[in-house]
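Notes for the one structure printed next.
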Amino acid sequence: MIYLDNAATTPVRREVLEAMWPLLTGDFGNPSSHHALGDSAGRALGSARRDLGDWFGARPSEITFTSGGTEAINLAIKGIALGRPRGRHIVTTPIEHEATLESVEFLRRVHGFDVSFAPVDAVGRVDLNALAGLLRDDTTLVSVLAAHNEIGTVQDTAAIGAIARAAGAVLHVDAVQAAGWLDVSLDALGADAVSISGHKLGAPKGVGALAARSRLVIEPLLHGGGQERGRRSGTENVAAAVGLALAARLSSTGRAEASGRVAELRDELIRRIEAAVPAARLTGSREHRLPSIASFLFAGTSGEAVLLGLEERGVVSSSGSACAAGSDEPSPVLLALGIDPMDAQTAVRFSLSTATTAADVEAAAAATGEAVRTLTQLR
């Protein structure tokens with residue numbers, strides 16, 4: 001099997017499993033307990049927090065461990081909006097992950113916030129002038145993706161952050177897909193808060209983190225024992241936190257070289273698919289793109305049918321966001337790019353990893369050509 005659905009999830013790294021195992025067995029204590037087992041767990045959690053803080057360019061106290069990217073995004077958006085009394089206006093974009101869009105809709109519906117959507121161009125890049133024009137005296141938060149999970153487009157978050165700060169607003173960046181490929185430190189992204197998810201970079205599912213400047217007042221979503229410095233109550237998942245911190249650190253080792261190599265494979269995949277299927281249409285930005293993602297429209301087919309044809313030929317990929325898999329509706333992201341709804345339903349996303357090889361790319365492109373030709377001949 002050739003696995004090209006790494007944007008949906010990645011396998012847990014062996015080093016991460018080995019680091020987690022002692023905390024699931026002998027050192028299983030509650031980090032809040034005042035005895036030897038608790039102290040050992042507390043030290044492990046503190047070490048993970050320091051390591052992840054270094055990775056984010058943040059203080060350990062600015063790191064909050066969560067159950068995943070969705071919770072981290074919810075905590076950032078709802079927590080900052082409700083904890084910061086500047087105003088009740090939020091700016092985001094129409095191509096954000098559902099965790100962002102549903103969070104701002106909740107704030108609009110339940111708490112009376114006003115939400116504005118900054119337009120994006122045909123490849124998914126935010127219109128910076130339009131964004132600046134949307135900011136108001138009562139804008140409390142701007143939230144954008146660092147890199148898009150469906151189309152791979154990378155945003156200029158540093159420029160967005162400068163615009164937000166000039167208007168007195170806070171910038172939250174969803175770096176779930178970018179983590180492991182780009183520098184997602186607070187300073188590099190120009191952000192006040194950054195959210196990530198462990199299973200996108202070799203840690204287990206069910207763990208994530210929010211890095212947020214200590215000056216921010218964040219209203220917690222979960223109330224209870226006051227863990228995570230009051231930002232997220234609940235007994236911490238120490239093993240998963242350790243795994244996340246290690247996976248993050250490992251992802252930075254040789255990142256530039258690895259990203260360059262994978263980008264070359266991505267570009268080769270794009271070339272081969274465009275040669276095999278002349279009508280294929282690449283979505284997202286060619287210039288500002290994650291090294292790992294190549295997404296296409298195959299007009300005259302069904303994206304789901306192409307995926308089935310690929311799987312029959314030993315290639316696993318997806319039609320876009322795993323969170324929306326199985327939906328009969330065209331992707332709202334592609335519609336926001338101005339793509340025709342019928343064409344949007346032909347989308348297929350290939351997402352590579354550092355384990356992807358040139359042979360994988362060659363085989364995947366050939367399988368894509370065969371699958372699409374078979375479907376078009378049946379029409």
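Labels for the structure tokens follow display order: chains A, B, ..., residues from 1 in each chain, ligands from 1.
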
Apply DSSP to the backbone of this structure and, from segment 29-70 of chain A, keep only the residues in strand (DSSP E or B); write these as a PDB file with N, CA, C and O atoms, in the first residue's frame.
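Resulting contents of states.pdb:
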```pdb
ATOM      1  N   ILE A  63       2.235  27.239  27.542  1.00  0.00           N
ATOM      2  CA  ILE A  63       1.822  26.017  26.847  1.00  0.00           C
ATOM      3  C   ILE A  63       0.671  25.356  27.590  1.00  0.00           C
ATOM      4  O   ILE A  63       0.749  25.116  28.795  1.00  0.00           O
ATOM      5  N   THR A  64      -0.397  25.074  26.865  1.00  0.00           N
ATOM      6  CA  THR A  64      -1.537  24.333  27.417  1.00  0.00           C
ATOM      7  C   THR A  64      -1.731  23.067  26.608  1.00  0.00           C
ATOM      8  O   THR A  64      -1.943  23.123  25.391  1.00  0.00           O
ATOM      9  N   PHE A  65      -1.640  21.919  27.262  1.00  0.00           N
ATOM     10  CA  PHE A  65      -1.898  20.647  26.588  1.00  0.00           C
ATOM     11  C   PHE A  65      -3.403  20.424  26.486  1.00  0.00           C
ATOM     12  O   PHE A  65      -4.151  20.692  27.437  1.00  0.00           O
ATOM     13  N   THR A  66      -3.846  19.935  25.333  1.00  0.00           N
ATOM     14  CA  THR A  66      -5.270  19.705  25.085  1.00  0.00           C
ATOM     15  C   THR A  66      -5.477  18.292  24.558  1.00  0.00           C
ATOM     16  O   THR A  66      -4.519  17.526  24.392  1.00  0.00           O
TER      17      THR A  66
END
```

Give one line per residue of segment 42-161 of chain A that approaches segment 349-369 of chain A to at most 10 Å, naming the two atoms of the closest pair and their distance in Å to one decimal, counting only C-alpha atoms; sort by chain then ascending residue number and deliver it as CSV.
```
residue,atom,partner,partner_atom,distance
A:Asn149,CA,A:Ser351,CA,9.3
A:Glu150,CA,A:Arg349,CA,6.8
A:Ile151,CA,A:Arg349,CA,7.6
A:Gly152,CA,A:Ser351,CA,9.1
```

Tell me which protein, DNA and RNA residues are within 12 Å of Gly161 of chain A, counting only C-alpha atoms, leaving out same-chain ones fewer than 3 positions away, and put them as a ChimeraX atom specification. /A:128,131-132,141-144,146,155-158,164-173,186-194

Which residues are near Gly46 of chain A? Cut-off 12 Å, only C-alpha atoms, ignore same chain within fewer than 6 positions. Put them as a list in words.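 My reading of the contact set: Pro31, Ser32, Asp39, Ser40, Leu52, Gly53, Arg59, Pro60, Ser61, Ile63, Thr64, Phe65, Glu228, Glu236, Val238, Ala239, Ala241, Val242 and Ala245 of chain A.
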
Just give me the gap between atom CA of His34 of chain A and atom CA of Gly234 of chain A in Å, one decimal is fine.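 These atoms are spaced 16.7 Å apart.
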
So which residues touch Glu287 of chain A within 10 Å, counting only C-alpha atoms, skipping near sequence neighbours fewer than 3 positions away, as a PDB file with N, CA, C and O atoms, in the first residue's frame?
```
ATOM      1  N   VAL A 123      -6.522  30.979  -5.312  1.00  0.00           N
ATOM      2  CA  VAL A 123      -5.657  29.915  -4.809  1.00  0.00           C
ATOM      3  C   VAL A 123      -5.672  29.845  -3.285  1.00  0.00           C
ATOM      4  O   VAL A 123      -4.909  29.102  -2.678  1.00  0.00           O
ATOM      5  N   THR A 153      -2.280  25.568   0.508  1.00  0.00           N
ATOM      6  CA  THR A 153      -1.837  26.958   0.421  1.00  0.00           C
ATOM      7  C   THR A 153      -1.334  27.467   1.765  1.00  0.00           C
ATOM      8  O   THR A 153      -1.970  27.255   2.796  1.00  0.00           O
ATOM      9  N   VAL A 154      -0.186  28.150   1.735  1.00  0.00           N
ATOM     10  CA  VAL A 154       0.420  28.725   2.929  1.00  0.00           C
ATOM     11  C   VAL A 154       0.124  30.222   2.971  1.00  0.00           C
ATOM     12  O   VAL A 154       0.293  30.925   1.969  1.00  0.00           O
ATOM     13  N   GLY A 284      -5.126  25.335  -5.171  1.00  0.00           N
ATOM     14  CA  GLY A 284      -4.206  25.969  -4.252  1.00  0.00           C
ATOM     15  C   GLY A 284      -3.074  26.665  -4.978  1.00  0.00           C
ATOM     16  O   GLY A 284      -2.988  26.660  -6.208  1.00  0.00           O
ATOM     17  N   LEU A 290       2.452  24.016   0.980  1.00  0.00           N
ATOM     18  CA  LEU A 290       3.123  23.064   1.847  1.00  0.00           C
ATOM     19  C   LEU A 290       3.910  22.060   1.009  1.00  0.00           C
ATOM     20  O   LEU A 290       3.470  21.681  -0.078  1.00  0.00           O
TER      21      LEU A 290
END
```

Those in segment 334-367 of chain A with alpha helix (DSSP H) from DSSP, as a compact mmCIF listing (two decimals) with C-alpha atoms, in the first residue's frame:
```
# COMPACT_ATOMS: atom_id res chain seq x y z
CA LEU A 334 -13.34 24.89 -2.98
CA LEU A 335 -16.59 26.80 -3.41
CA ALA A 336 -15.01 29.78 -1.62
CA PRO A 341 -19.84 22.88 -7.41
CA MET A 342 -19.77 20.01 -9.92
CA ASP A 343 -16.00 20.36 -10.37
CA ALA A 344 -15.52 20.66 -6.61
CA ALA A 358 10.18 8.49 -5.76
CA ALA A 359 8.82 5.03 -6.56
CA ASP A 360 5.68 5.84 -4.57
CA VAL A 361 5.17 9.03 -6.56
CA GLU A 362 5.67 7.27 -9.89
CA ALA A 363 3.23 4.51 -8.96
CA ALA A 364 0.64 6.93 -7.58
CA ALA A 365 0.69 9.08 -10.70
CA ALA A 366 0.35 6.04 -12.95
CA ALA A 367 -2.54 4.72 -10.84
```

Polymer residues at most 8 Å from Ser185 of chain A, only C-alpha atoms, same-chain spacing of 6 or more positions, as a list in words: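 Counting only C-alpha atoms, the residues come to Trp55, Phe56, Gly57, Ala58 and Val194 of chain A.
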
Nearest to Ala212 of chain A: which of A:Glu264, A:Asp183, A:Glu274, A:Asp174 is it, counting only C-alpha atoms?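 Among the listed residues, A:Asp174 lies closest to Ala212 of chain A.
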
Of the listed residues A:Leu375, A:Val110, A:Leu4, A:Leu135, that which approaches Gly309 of chain A most closely, counting only C-alpha atoms: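 Among the listed residues, the smallest separation from Gly309 of chain A belongs to A:Leu375.
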
Give the answer as one residue: which of A:Gly87, A:Gly26, A:Gly79, A:Gly208 has the shortest atom-to-atom distance to Arg231 of chain A, using only C-alpha atoms? A:Gly79

Between A:Ala294, A:Leu107, A:Val176, A:Leu337, smallest distance to Ile80 of chain A by only C-alpha atoms belongs to A:Leu107

From the list A:Glu329, A:Val120, A:Val372, A:Arg261, which residue is nearest Phe296 of chain A when using only C-alpha atoms?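 For Phe296 of chain A, the nearest of the given residues is A:Val372.
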
Smallest atom-to-atom distance to Ser318 of chain A: which of A:Met1, A:Ala8, A:Val333, A:Ala99, using only C-alpha atoms?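 Closest to Ser318 of chain A of all the choices is A:Ala8.
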
Do you know which residues are at most 10 Å from Ala258 of chain A counting only C-alpha atoms, after dropping those on the same chain fewer than 2 positions away, and could you put them as a list in words?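 Those residues are Gly180, Trp181, Ser251, Ser252, Thr253, Gly254, Arg255, Ala256, Gly260, Arg261, Val262, Ala263, Glu264, Pro291, Ser353, Thr354 and Ala355 of chain A.
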
When you draw a straight line from atom CA of Ala276 of chain A to atom CA of Arg289 of chain A, how long is it in Å?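 Those two atoms sit 21.9 Å apart.
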